[in-house]
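start.cif, holding mmCIF, C-alpha atoms:
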data_final
loop_
_atom_site.group_PDB
_atom_site.id
_atom_site.type_symbol
_atom_site.label_atom_id
_atom_site.label_comp_id
_atom_site.auth_asym_id
_atom_site.auth_seq_id
_atom_site.Cartn_x
_atom_site.Cartn_y
_atom_site.Cartn_z
ATOM 1 C CA MET C 1 38.460 -6.075 75.926
ATOM 2 C CA PHE C 2 36.510 -8.466 78.119
ATOM 3 C CA LEU C 3 34.454 -7.721 81.225
ATOM 4 C CA LEU C 4 34.921 -10.521 83.733
ATOM 5 C CA ASP C 5 32.719 -11.374 86.673
ATOM 6 C CA ASN C 6 34.391 -10.211 89.904
ATOM 7 C CA GLN C 7 33.278 -13.365 91.701
ATOM 8 C CA MET C 8 35.440 -15.421 89.358
ATOM 9 C CA VAL C 9 38.346 -12.968 89.750
ATOM 10 C CA ARG C 10 38.075 -13.193 93.545
ATOM 11 C CA GLU C 11 38.468 -16.974 93.364
ATOM 12 C CA ASP C 12 41.565 -16.910 91.169
ATOM 13 C CA TRP C 13 42.727 -14.299 88.691
ATOM 14 C CA ASN C 14 44.715 -16.750 86.580
ATOM 15 C CA LYS C 15 41.716 -19.039 86.206
ATOM 16 C CA ALA C 16 39.540 -16.087 85.244
ATOM 17 C CA LYS C 17 42.082 -15.016 82.652
ATOM 18 C CA ALA C 18 42.353 -18.592 81.386
ATOM 19 C CA VAL C 19 38.616 -18.651 80.626
ATOM 20 C CA VAL C 20 39.198 -16.075 77.889
ATOM 21 C CA LEU C 21 42.608 -17.332 76.811
ATOM 22 C CA ASP C 22 41.320 -20.894 76.431
ATOM 23 C CA LEU C 23 38.507 -19.657 74.229
ATOM 24 C CA LEU C 24 40.972 -17.707 72.108
ATOM 25 C CA GLN C 25 43.172 -20.774 71.801
ATOM 26 C CA LYS C 26 40.183 -22.971 70.985
ATOM 27 C CA HIS C 27 39.352 -20.761 68.027
ATOM 28 C CA GLY C 28 42.896 -20.674 66.701
ATOM 29 C CA ALA C 29 43.858 -17.184 67.797
ATOM 30 C CA LYS C 30 47.485 -16.174 68.041
ATOM 31 C CA LEU C 31 47.718 -14.381 71.385
ATOM 32 C CA LYS C 32 49.998 -11.332 71.588
ATOM 33 C CA THR C 33 49.272 -9.853 75.012
ATOM 34 C CA ALA C 34 46.725 -10.232 77.795
ATOM 35 C CA ARG C 35 46.619 -8.192 80.964
ATOM 36 C CA ARG C 36 44.302 -6.915 83.659
ATOM 37 C CA TRP C 37 43.393 -3.413 82.558
ATOM 38 C CA ASP C 38 41.356 -2.290 85.546
ATOM 39 C CA GLU C 39 38.682 -3.122 88.049
ATOM 40 C CA ARG C 40 36.000 -0.501 88.354
ATOM 41 C CA LYS C 41 32.428 0.398 89.047
ATOM 42 C CA LEU C 42 30.258 0.046 85.966
ATOM 43 C CA ALA C 43 28.344 3.008 84.592
ATOM 44 C CA TYR C 44 25.230 0.804 84.516
ATOM 45 C CA PRO C 45 24.673 -2.683 85.925
ATOM 46 C CA ILE C 46 25.275 -5.675 83.639
ATOM 47 C CA ASP C 47 23.591 -8.960 84.625
ATOM 48 C CA GLY C 48 23.043 -7.503 88.109
ATOM 49 C CA ARG C 49 26.768 -6.774 88.614
ATOM 50 C CA LYS C 50 27.753 -3.251 89.556
ATOM 51 C CA ARG C 51 31.517 -3.814 89.338
ATOM 52 C CA ALA C 52 33.673 -5.845 86.969
ATOM 53 C CA THR C 53 37.279 -6.547 86.023
ATOM 54 C CA PHE C 54 38.491 -5.580 82.559
ATOM 55 C CA LEU C 55 40.840 -7.871 80.668
ATOM 56 C CA LEU C 56 42.638 -6.305 77.715
ATOM 57 C CA THR C 57 44.000 -8.700 75.110
ATOM 58 C CA TYR C 58 45.591 -8.358 71.691
ATOM 59 C CA ALA C 59 45.379 -11.386 69.420
ATOM 60 C CA GLU C 60 45.335 -12.370 65.765
ATOM 61 C CA MET C 61 42.414 -14.428 64.527
ATOM 62 C CA GLU C 62 41.147 -15.557 61.149
ATOM 63 C CA ASN C 63 37.827 -14.098 60.053
ATOM 64 C CA GLU C 64 36.092 -17.460 59.705
ATOM 65 C CA HIS C 65 36.566 -18.206 63.438
ATOM 66 C CA LEU C 66 35.001 -14.969 64.632
ATOM 67 C CA VAL C 67 31.363 -16.059 64.503
ATOM 68 C CA ALA C 68 31.999 -19.206 66.548
ATOM 69 C CA PHE C 69 34.179 -17.246 68.970
ATOM 70 C CA ARG C 70 31.454 -14.646 69.482
ATOM 71 C CA ARG C 71 28.906 -17.401 70.090
ATOM 72 C CA ASP C 72 31.091 -18.972 72.782
ATOM 73 C CA LEU C 73 31.584 -15.583 74.430
ATOM 74 C CA GLU C 74 27.824 -14.968 74.466
ATOM 75 C CA LEU C 75 27.191 -18.376 76.032
ATOM 76 C CA ASN C 76 29.765 -17.891 78.799
ATOM 77 C CA GLU C 77 28.052 -16.401 81.855
ATOM 78 C CA ARG C 78 31.331 -15.364 83.494
ATOM 79 C CA ILE C 79 32.156 -13.012 80.612
ATOM 80 C CA LEU C 80 29.765 -10.147 81.153
ATOM 81 C CA ARG C 81 30.593 -8.275 77.958
ATOM 82 C CA TYR C 82 33.250 -8.046 75.278
ATOM 83 C CA LEU C 83 34.439 -5.643 72.622
ATOM 84 C CA MET C 84 36.482 -6.756 69.642
ATOM 85 C CA ILE C 85 38.043 -4.149 67.403
ATOM 86 C CA GLN C 86 40.569 -4.304 64.625
ATOM 87 C CA VAL C 87 43.927 -2.645 65.275
ATOM 88 C CA ASP C 88 46.950 -2.318 63.000
ATOM 89 C CA GLN C 89 49.503 -3.172 65.652
ATOM 90 C CA VAL C 90 49.878 -3.701 69.376
ATOM 91 C CA PRO C 91 50.273 -0.272 71.017
ATOM 92 C CA GLU C 92 53.638 0.681 72.452
ATOM 93 C CA GLY C 93 54.170 -0.317 76.041
ATOM 94 C CA GLU C 94 51.448 -2.943 75.965
ATOM 95 C CA LEU C 95 53.913 -5.846 75.807
ATOM 96 C CA GLU C 96 55.851 -4.534 78.806
ATOM 97 C CA LYS C 97 52.671 -4.108 80.848
ATOM 98 C CA ALA C 98 51.561 -7.647 80.018
ATOM 99 C CA GLN C 99 54.983 -9.039 80.914
ATOM 100 C CA ALA C 100 54.902 -7.202 84.250
ATOM 101 C CA GLU C 101 51.701 -9.050 85.078
ATOM 102 C CA SER C 102 53.291 -12.431 84.431
ATOM 103 C CA ALA C 103 56.109 -11.669 86.907
ATOM 104 C CA ALA C 104 56.207 -13.890 89.987
ATOM 105 C CA ASP C 105 55.705 -11.034 92.452
ATOM 106 C CA PHE C 106 52.681 -9.606 90.668
ATOM 107 C CA VAL C 107 49.590 -9.744 92.871
ATOM 108 C CA VAL C 108 46.115 -8.925 91.617
ATOM 109 C CA PRO C 109 44.254 -6.947 94.279
ATOM 110 C CA ALA C 110 41.044 -8.607 95.379
ATOM 111 C CA PRO C 111 38.035 -6.841 93.862
ATOM 112 C CA PRO C 112 35.893 -4.983 96.388
ATOM 113 C CA ALA C 113 32.313 -5.949 97.106
ATOM 114 C CA ASP C 114 29.750 -5.126 94.462
ATOM 115 C CA ASP C 115 28.182 -2.337 96.537
ATOM 116 C CA ALA C 116 31.505 -0.787 97.566
ATOM 117 C CA PRO C 117 31.758 2.945 96.860
ATOM 118 C CA ASP C 118 33.733 4.080 93.869
ATOM 119 C CA PRO C 119 37.216 5.148 95.038
ATOM 120 C CA GLU C 120 37.364 7.727 92.238
ATOM 121 C CA LYS C 121 34.261 9.426 93.595
ATOM 122 C CA PRO C 122 34.615 10.183 97.316
ATOM 123 C CA ALA C 123 31.464 10.182 99.433
ATOM 124 C CA PRO C 124 29.756 13.594 99.536
ATOM 125 C CA GLU C 125 30.749 15.746 102.476
ATOM 126 C CA ARG C 126 28.252 16.116 105.259
ATOM 127 C CA ARG C 127 26.557 19.495 105.123
ATOM 128 C CA PRO C 128 25.718 21.430 108.332
ATOM 129 C CA GLU C 129 22.013 21.427 107.417
ATOM 130 C CA ASP C 130 22.063 17.600 107.504
ATOM 131 C CA ASP C 131 22.681 17.753 111.259
ATOM 132 C CA VAL C 132 19.711 20.051 112.040
ATOM 133 C CA GLN C 133 17.486 18.466 114.642
ATOM 134 C CA VAL C 134 13.815 18.667 113.717
ATOM 135 C CA PRO C 135 11.774 19.525 116.848
ATOM 136 C CA ASP C 136 8.943 17.220 117.800
ATOM 137 C CA LEU C 137 5.879 19.382 117.063
ATOM 138 C CA ASP C 138 3.497 17.221 119.107
ATOM 139 C CA LEU C 139 5.677 17.558 122.192
ATOM 140 C CA MET C 140 5.888 21.358 121.737
ATOM 141 C CA ALA C 141 2.097 21.645 121.559
ATOM 142 C CA VAL C 142 1.745 19.748 124.843
ATOM 143 C CA GLU C 143 4.274 22.010 126.579
ATOM 144 C CA GLU C 144 2.442 25.179 125.444
ATOM 145 C CA ASN C 145 -0.825 23.898 126.944
ATOM 146 C CA MET V 146 20.510 48.119 69.152
ATOM 147 C CA SER V 147 22.755 45.554 70.741
ATOM 148 C CA SER V 148 22.116 41.877 70.203
ATOM 149 C CA SER V 149 20.917 39.931 73.228
ATOM 150 C CA ARG V 150 22.608 36.742 72.032
ATOM 151 C CA ARG V 151 25.472 35.514 74.159
ATOM 152 C CA ALA V 152 28.864 34.915 72.547
ATOM 153 C CA PRO V 153 29.419 31.200 71.891
ATOM 154 C CA ALA V 154 31.714 29.383 74.281
ATOM 155 C CA PRO V 155 35.134 28.490 72.878
ATOM 156 C CA PRO V 156 35.431 24.930 71.515
ATOM 157 C CA ILE V 157 36.591 22.321 74.005
ATOM 158 C CA SER V 158 39.289 20.916 71.766
ATOM 159 C CA GLY V 159 40.906 24.315 71.163
ATOM 160 C CA LYS V 160 41.152 26.112 67.830
ATOM 161 C CA ASN V 161 42.297 23.144 65.767
ATOM 162 C CA CYS V 162 41.533 19.496 66.373
ATOM 163 C CA ASP V 163 45.030 18.325 65.267
ATOM 164 C CA GLU V 164 44.045 14.675 64.854
ATOM 165 C CA PRO V 165 43.357 13.863 68.507
ATOM 166 C CA VAL V 166 43.950 10.386 69.888
ATOM 167 C CA LEU V 167 40.507 9.370 71.096
ATOM 168 C CA ASP V 168 40.617 6.040 72.869
ATOM 169 C CA TYR V 169 37.563 4.344 74.351
ATOM 170 C CA LYS V 170 39.637 3.458 77.438
ATOM 171 C CA ASP V 171 40.472 7.107 78.150
ATOM 172 C CA VAL V 172 37.194 7.755 79.910
ATOM 173 C CA ASP V 173 38.209 10.945 81.699
ATOM 174 C CA ASN V 174 39.123 12.583 78.388
ATOM 175 C CA LEU V 175 35.896 11.429 76.730
ATOM 176 C CA ARG V 176 33.809 12.811 79.592
ATOM 177 C CA ARG V 177 34.894 16.329 78.581
ATOM 178 C CA PHE V 178 32.910 15.893 75.373
ATOM 179 C CA LEU V 179 29.660 14.803 77.039
ATOM 180 C CA THR V 180 26.831 16.785 78.556
ATOM 181 C CA VAL V 181 25.770 16.166 82.150
ATOM 182 C CA HIS V 182 23.167 13.793 80.716
ATOM 183 C CA GLY V 183 25.804 11.782 78.866
ATOM 184 C CA GLN V 184 25.016 13.056 75.380
ATOM 185 C CA ILE V 185 27.857 13.706 72.929
ATOM 186 C CA LEU V 186 28.421 17.423 72.363
ATOM 187 C CA SER V 187 27.920 18.831 68.905
ATOM 188 C CA ARG V 188 30.754 19.739 66.556
ATOM 189 C CA LYS V 189 29.982 23.361 67.296
ATOM 190 C CA ARG V 190 30.922 22.812 70.951
ATOM 191 C CA THR V 191 33.735 20.289 70.516
ATOM 192 C CA GLY V 192 35.397 22.243 67.703
ATOM 193 C CA TYR V 193 36.287 19.008 65.923
ATOM 194 C CA CYS V 194 36.333 18.469 62.176
ATOM 195 C CA ALA V 195 33.919 15.882 60.768
ATOM 196 C CA GLN V 196 36.522 13.119 60.836
ATOM 197 C CA CYS V 197 37.528 13.745 64.454
ATOM 198 C CA GLN V 198 33.912 14.094 65.565
ATOM 199 C CA LYS V 199 33.259 10.693 64.023
ATOM 200 C CA ALA V 200 36.215 9.249 65.942
ATOM 201 C CA LEU V 201 34.827 10.816 69.119
ATOM 202 C CA LYS V 202 31.410 9.276 68.467
ATOM 203 C CA GLN V 203 32.981 5.852 67.882
ATOM 204 C CA ALA V 204 35.074 6.056 71.075
ATOM 205 C CA VAL V 205 32.106 7.151 73.214
ATOM 206 C CA LYS V 206 29.914 4.387 71.827
ATOM 207 C CA ARG V 207 32.584 1.770 72.527
ATOM 208 C CA ALA V 208 32.978 3.075 76.080
ATOM 209 C CA ARG V 209 29.199 2.969 76.559
ATOM 210 C CA HIS V 210 29.069 -0.628 75.357
ATOM 211 C CA LEU V 211 31.659 -1.612 77.983
ATOM 212 C CA SER V 212 29.765 0.306 80.679
ATOM 213 C CA LEU V 213 32.653 2.720 81.096
ATOM 214 C CA LEU V 214 30.314 5.594 80.252
ATOM 215 C CA PRO V 215 26.562 5.824 80.814
ATOM 216 C CA PHE V 216 24.030 5.892 77.999
ATOM 217 C CA VAL V 217 21.967 8.448 79.921
ATOM 218 C CA GLY V 218 22.253 10.402 83.152
#
So that I can check it, write out the structure of this file as structure tokens.
Amino acid sequence: MFLLDNQMVREDWNKAKAVVLDLLQKHGAKLKTARRWDERKLAYPIDGRKRATFLLTYAEMENEHLVAFRRDLELNERILRYLMIQVDQVPEGELEKAQAESAADFVVPAPPADDAPDPEKPAPERRPEDDVQVPDLDLMAVEEN
Amino acid sequence: MSSSRRAPAPPISGKNCDEPVLDYKDVDNLRRFLTVHGQILSRKRTGYCAQCQKALKQAVKRARHLSLLPFVG
């Protein structure tokens, strides 16, 4: 799983994806699947970004290439974070989802602005007490006199 | 004399853990096992066996690393 900078995704999703895929290819990985998992608000900011796009890939790589691959990932500023874990096999349905992304009519929605509200969390409803008008105390004192 | 201690709440996972599938990407499911401050609940509250609790810990830590879940708050 890779966290990609939304700025790069806004420019071109395929180029953003290629940044990771090229690195995988450079280090001799055998790519199985790669797809956009989600775009969401981060739980805490990373490198000043509050939102990011998640790229989920499954690939086979020899152990000796891992250190160099990690170093390249760390040096790339467009890859905000990554997580590599060992899995026995590609989960069911993952291939189909990745193939759906490579279809001609597949369109990646443009990521919202960094400060856009989280669609999963709607804005809090306005309470009646928020609309209470606070009287101007100075003006009231003048009227009493 | 009656005890003033409250009965413990039932475990979140149910009576048996039944080898749950805990995935770091399933954030909504993982949130059930966190306190409001983002701390992982104890085995007493989750109802998981040691092995499943360890899987829960691993999944939460992976989700935290990817900023899917907060470390605190």
What's the 9 Å shell around Asp168 of chain V, counting only C-alpha atoms, without same-chain residues fewer than 5 positions away, as a list in words?
Asn174, Leu175, Ala200, Leu201, Ala204, Val205 and Ala208 of chain V
Name the residues that the PyMOL selection byres ((chain C) within 8 of (chain V)) picks from the file above, as a PyMOL selection string, using the file's chain letters and numbers.
chain C and resi 3+42-45+81-83
Spatial neighbours of segment 65-68 of chain C, 12 Å, all atoms listed in the file, chain gap at least 4 places, as a short mmCIF file (atom, residue, chain, number, x, y, z; two decimals) with C-alpha atoms, in the coordinates of the input:
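Saved file around.cif follows:
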data_model
loop_
_atom_site.label_atom_id
_atom_site.label_comp_id
_atom_site.auth_asym_id
_atom_site.auth_seq_id
_atom_site.Cartn_x
_atom_site.Cartn_y
_atom_site.Cartn_z
CA LEU C 23 38.51 -19.66 74.23
CA LEU C 24 40.97 -17.71 72.11
CA GLN C 25 43.17 -20.77 71.80
CA LYS C 26 40.18 -22.97 70.98
CA HIS C 27 39.35 -20.76 68.03
CA GLY C 28 42.90 -20.67 66.70
CA ALA C 29 43.86 -17.18 67.80
CA ALA C 59 45.38 -11.39 69.42
CA GLU C 60 45.34 -12.37 65.76
CA MET C 61 42.41 -14.43 64.53
CA ASP C 72 31.09 -18.97 72.78
CA LEU C 73 31.58 -15.58 74.43
CA GLU C 74 27.82 -14.97 74.47
CA LEU C 75 27.19 -18.38 76.03
CA MET C 84 36.48 -6.76 69.64
CA ILE C 85 38.04 -4.15 67.40
#
The PyMOL selection byres ((chain V and resi 155-167) around 8) - which residues does that actually catch in the file I just gave you? List them as a list in words.
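Output from the PyMOL selection byres ((chain V and resi 155-167) around 8), applied to this file: Pro153, Ala154, Asp168, Tyr169, Asp171, Leu175, Arg177, Phe178, Lys189, Arg190, Thr191, Gly192, Tyr193, Cys194, Cys197, Ala200, Leu201 and Ala204 of chain V.
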Would you save the residues from that selection as a compact mmCIF listing (two decimals), in the frame of the given file, using C-alpha atoms?
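Result file follows (part.txt):
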# COMPACT_ATOMS: atom_id res chain seq x y z
CA PRO V 153 29.42 31.20 71.89
CA ALA V 154 31.71 29.38 74.28
CA ASP V 168 40.62 6.04 72.87
CA TYR V 169 37.56 4.34 74.35
CA ASP V 171 40.47 7.11 78.15
CA LEU V 175 35.90 11.43 76.73
CA ARG V 177 34.89 16.33 78.58
CA PHE V 178 32.91 15.89 75.37
CA LYS V 189 29.98 23.36 67.30
CA ARG V 190 30.92 22.81 70.95
CA THR V 191 33.74 20.29 70.52
CA GLY V 192 35.40 22.24 67.70
CA TYR V 193 36.29 19.01 65.92
CA CYS V 194 36.33 18.47 62.18
CA CYS V 197 37.53 13.74 64.45
CA ALA V 200 36.22 9.25 65.94
CA LEU V 201 34.83 10.82 69.12
CA ALA V 204 35.07 6.06 71.08
Output of the PyMOL selection byres ((chain C and resi 32) around 12), listed as a list in words
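Output of the PyMOL selection byres ((chain C and resi 32) around 12): Leu21, Leu24, Gln25, Ala29, Lys30, Leu31, Thr33, Ala34, Arg35, Leu56, Thr57, Tyr58, Ala59, Glu60, Met61, Gln89, Val90, Pro91, Glu94, Leu95, Glu96, Ala98 and Gln99 of chain C.
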Calculated over all atoms listed in the file, which of the candidates C:Arg71, C:Arg40, C:Arg127, C:Lys97 has the smallest distance to Ala113 of chain C?
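Once distances to Ala113 of chain C are computed over all atoms listed in the file, the minimum belongs to C:Arg40.
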Between atom CA of Arg176 of chain V and atom CA of Arg150 of chain V, what is the spacing in Å?
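Separation of atom CA of Arg150 of chain V and atom CA of Arg176 of chain V: 27.5 Å.
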Quick one, how far is atom CA of Asp47 of chain C from atom CA of Glu77 of chain C?
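Atom-to-atom, atom CA of Asp47 of chain C to atom CA of Glu77 of chain C, that is 9.1 Å.
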